[in-house]
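Peer 1: Let me begin by handing over the structure; questions about it come next.
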Amino acid sequence: MNIDLTKEELAFRDEVREFLATDYPQDIRRKQDEAIELSRDDMIRWQKTLYRRGWFAVNWPVEYGGTGWTAVQKYIFANELAAANTPAVIPFGVKMVAPIIYTFGSDEQKQRFLPDILDSTTWWCQGYSEPGSGSDLASLKTRADRDGNHYVVNGTKTWTTLGQYADWIFCLVRTSSDVARRQEGISFILIDMQTKGVTVNPIITIEGDHEVNEVHFDNVRVPVENLVGEEGKGWTYGKVLLQHERTNIAGVANSQYRLRKLKQSAAEPMRGTKALLDNDAFRRKIARLEIELKALEYTELRTLASVQVGQSPGPESSFLKIRGTELQQAMDALLVEAAGYYALPYVPAQYELDFPEGERIGRGTETISSLRYFNNRKASIYGGSNEIQKNIIAKHVLGL
Amino acid sequence: MDFSLSEEQAMLADSISRFIDTDYDFDTRQKIAASNGGFSPEMWRTFAELGWTAVPFAESDGGLDGGPVELMLMMEQFGRGLVVEPFLANIVLAGGVLRRIANAEQKARWLAPLIAGDLQAAFAVVEPQSRFDVANTASIAEASGDGYRLNGAKSVVLNGGAADLLVVPARTSGSQVDQGGITLFAIPAETLGVTRTSYTTVDGLQAAEIVLADVTVSKDAVLGEIDNAFATIAAVIDEATLAVSAEALGIMQTMHDRTVEYSKSRVQFGVPIGSFQALQHRMVDSLMACEQSRSLLYWCVMLYLSDDPRYRSAISALKYQVGTAGVKVAEEAVQIHGGMGVTWELDIAHYLKRMTAINIMFGNADYHLDRYVAAGDAQAG
């Protein structure tokens with residue numbers, strides 16, 4: 001056992017820091033630090049910056065443009081990006097659909113889709129959930145009926161994150177209802193959002209933002225070559241994807257970054273009053289969260305280390321999802337607590353780019369704390385609710 | 001960064017694990033705990049013959065040069081087996097002091113037989129008023145002739161009754177709670193003026209209340225420097241905290257595994273109770289508590305190995321974690337075992353008792369949370 005980074009790993013860390021110092025666009029950095037909303041262009045610009053350095057598709061196989069990094073390198077990279085408060089990479093293309101395409105797709109599909117995902121030319125969104133099927137994903141009803149060289153898709157997908165920006169959507173659809181188990185007869189297909197019959201309607205969430213959508217399919221004709229893998233095997237592919245999704249959403253480095261920032265700001269005496277950090281009860285809450293995050297950091301590292309020696313993330317990824325989202329939400333709540341009364345003003349306009357400088361209500365990003373807290377109640381619900389994750393662990397890890 | 005064990009380390013863990021499975025089952029443990037003296041001298045001899053009592057000591061002292069990884073692996077197995085033999089008291093605590101500050105003569109007299117399994121020892125660090133603050137030392141050692149005269153009281157001294165040697169901190173200067181002014185003494189337990197009242201603790205181990213009344217020792221009894229023992233005491237207690245945390249992990253993992261197994265076979269309402277979602281989710285929570293605790297344990301061990309200054313606060317994070325998560329896992333295991341979980345007959349009950357004791361030892365969860373906070377502030381400042 002050994003905690004120290006090797007000379008090579010330290011050099012790599014310096015390389016990442018140097019890259020962030022020189023290549024992380026100043027205007028995006030400022031927006032991130034001041035919690036100003038990012039535009040679609042900002043997000044793509046940042047992803048293209050990573051791409052040009054060869055660091056966008058961290059987990060892909062090298063042959064498709066991945067990094068070939070070790071578990072420790074990935075850990076260093078994630079930590080450095082979090083410490084610089086860079087925007088989160090939009091996961092739907094690079095982290096979700098791409099692994100399905102390079103694992104189960106045809107050579108044609110790989111050539112057609114992977115390069116555009118790699119350089120962020122195309123924006124992807126996810127078509128899993130439906131209005132009637134939340135955690136019970138296998139109850140999905142969207143149909144794809146074969147008609148010559150096309151599937152005709154009818155149905156509705158929902159909770160489609162940033163679908164308003166998307167060029168493509170990957171969907172689980174029912175290609176056969178004549179099956180013994182509901183998990184059979186489901187296929188994984190790729191749909192161009194510009195196709196006739198696709199409409200996107202916004203859903204406004206609890207904090208008042210337009211982040212998610214409902215996507216309707218009305219006799220949408222999809223060429224059969226957009227089917228990934230075999231017809232009827234979509235459930236199996238989707239499960240693999242969800243395991244990737246779950247390991248990606250622990251967000252430990254980001255939670256640790258937010259905790260460090262909170263400790264810094266809470267250490268300052270404020271408005272003539274003693275520092276919040278001098279309050280023992282608050283200080284202990286921070287300490288508990290810090291300890292739990294450290295534990296999860298090492299749990300994730302242990303998982304990464306075992307993946308590196310050839311074990312797949314498997315059901316243990318559910319664990320990271322549960323604990324990671326619980327700690328994110330605990331962090332959200334702590335920031336609301338730190339803001340005190342300034343968690344109350346609801347002035348979303350002051351987080352837009354053209355809001356006059358110096359006229360913000362509240363200190364720094366205080367008033368966004370409650371919006372983020374409300375918004376992130378989703379974390380324990382999406383990607384399979386945390387209760388579903390516990391069912392998965394109970395079944396596949398504990399054998400119950 | 002590397003989580004893997006060396007071949008020797010894996011072999012050590014494996015050999016103790018096999019010993020627990022074949023020679024130290026629960027019935028054997030219970031018989032030993034109920035026997036006169038509360039542990040088995042024959043078992044202890046076996047531990048020495050297998051080299052386990054030599055692991056943490058330097059080769060130059062007759063040891064095997066083991067470090068925190070070896071300590072962790074051994075204690076985890078001892079936790080799994082609910083071992084009552086006084087490894088912690090002899091090897092980690094008393095041995096921990098001796099290996100750090102004893103001079104050559106003292107090592108020859110005390111450490112060599114300790115490693116050989118021929119000597120029992122105890123570290124009398126706790127006092128009736130001290131709770132978890134090891135600086136809080138009211139026992140006094142006054143210069144007397146060529147040596148010292150000690151007066152005071154020591155509480156819940158692990159292995160205190162069986163000990164041939166008592167390692168005793170006493171105040172040679174300063175006020176009761178000062179870190180400075182504490183000196184360590186090596187005192188044969190039969191010395192005139194030492195009174196011991198032995199008893200069994202709730203977890204089946206042995207301890208003693210010790211009164212020192214005009215105990216006179218020569219200056220050869222002084223271990224290390226006069227007035228400067230605190231750093232040694234703190235280092236030994238930190239290492240012991242790491243050790244019992246590893247033991248706690250062995251207990252947690254065992255209780256969790258046994259509970260899952262039990263829930264698959266125990267039938268109520270015509271189905272195994274493991275099919276109930278209310279219980280499944282609680283067992284998943286326990287699994288996660290075990291994994292999170294293991295992660296912090298590895299973190300601490302790795303910080304110790306690289307001499308990282310964060311080690312001290314990390315120890316507190318770990319002890320807080322096993323104090324809270326460990327007790328929770330243990331209580332859940334008893335709950336899911338139902339009525340059987342609260343019987344003397346079933347090992348589950350005894351694991352809970354040991355877990356309860358471990359939470360208290362060397363500072364409970366609240367104490368270590370505050371120590372973690374203070375250490376973090378010291379590092380930030």
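Identifiers in this document derive from the order of the structure tokens: chains are assigned A, B, ..., residues are numbered from 1 separately in each chain, and ligands are numbered from 1 in order of occurrence.
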Could you tell me, as a PyMOL selection string, which residues of segment 119-299 of chain B DSSP assigns to strand (DSSP E) when given the backbone?

Peer 2: chain B and resi 121-123+140-144+147-158+165-171+182-188+194-200+206-218+222-223+267-268+271-272

Peer 1: Would you kindly return, as a list of chain:residue names, each protein, DNA or RNA residue with an atom no farther than 12 Å from any atom of Glu9 of chain A, considering only C-alpha atoms and excluding same-chain residues fewer than 2 positions away?

Peer 2: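 Within the cut-off, the hits are A:Ile3, A:Asp4, A:Leu5, A:Thr6, A:Lys7, A:Ala11, A:Phe12, A:Arg13, A:Asp14, A:Glu15, A:Val16, A:Trp69, A:Thr70, A:Ala71, A:Val72, A:Gln73, A:Lys74, A:Tyr75, A:Ile76, A:Phe77, B:Met1.
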
Peer 1: Which residue out of A:Lys390, A:Arg372, A:Arg258, A:Arg283 has the minimum interatomic distance to Asp33 of chain A when only C-alpha atoms are used?

Peer 2: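 Closest to Asp33 of chain A of all the choices is A:Arg258.
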
Peer 1: Which residues are close to Cys300 of chain B, i.e. within 8 Å by only C-alpha atoms, leaving aside same-chain residues fewer than 4 positions away? Reply as number ranges by chain.

Peer 2: B: 242, 296, 304, 311, 314-315, 318

Peer 1: Rank B:Asp214, B:Asp118, B:Glu7, B:Asp203 by their smallest atom-to-atom distance to Ala143 of chain B, using only C-alpha atoms, and report the top residue only.

Peer 2: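 Among the listed residues, B:Asp214 lies closest to Ala143 of chain B.
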
Peer 1: As an MDAnalysis selection string, could you give me every residue of chain B near chain A (at most 8 Å apart, counting only C-alpha atoms)?

Peer 2: chainID B and resid 1:6 69 260 264 274:275 277 280:281 283:284 288 291:293 295:296 299 302:303 305:306 317 321 369:370 372:373

Peer 1: Do a neighbour search on Gly204 of chain B at 12 Å with only C-alpha atoms, toss out local chain neighbours closer than 4 positions, and write the hits as a PyMOL selection string.

Peer 2: chain B and resi 29-35+37-39+82-86+158-159+199-200+344+347+349-357

Peer 1: Considering only C-alpha atoms, return as a ChimeraX atom specification whatever protein or nucleic-acid residues lie within 8 Å of Ser380 of chain A, sequence-local ones (same chain, fewer than 4 positions apart) excluded.

Peer 2: /A:322,325-326,385-386

Peer 1: From the set A:Ser177, A:Asn59, A:Gln183, A:Ser129, which residue has the shortest atom-to-atom contact distance to Val212 of chain A, counting only C-alpha atoms?

Peer 2: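 Distance minimum relative to Val212 of chain A lands on A:Ser129.
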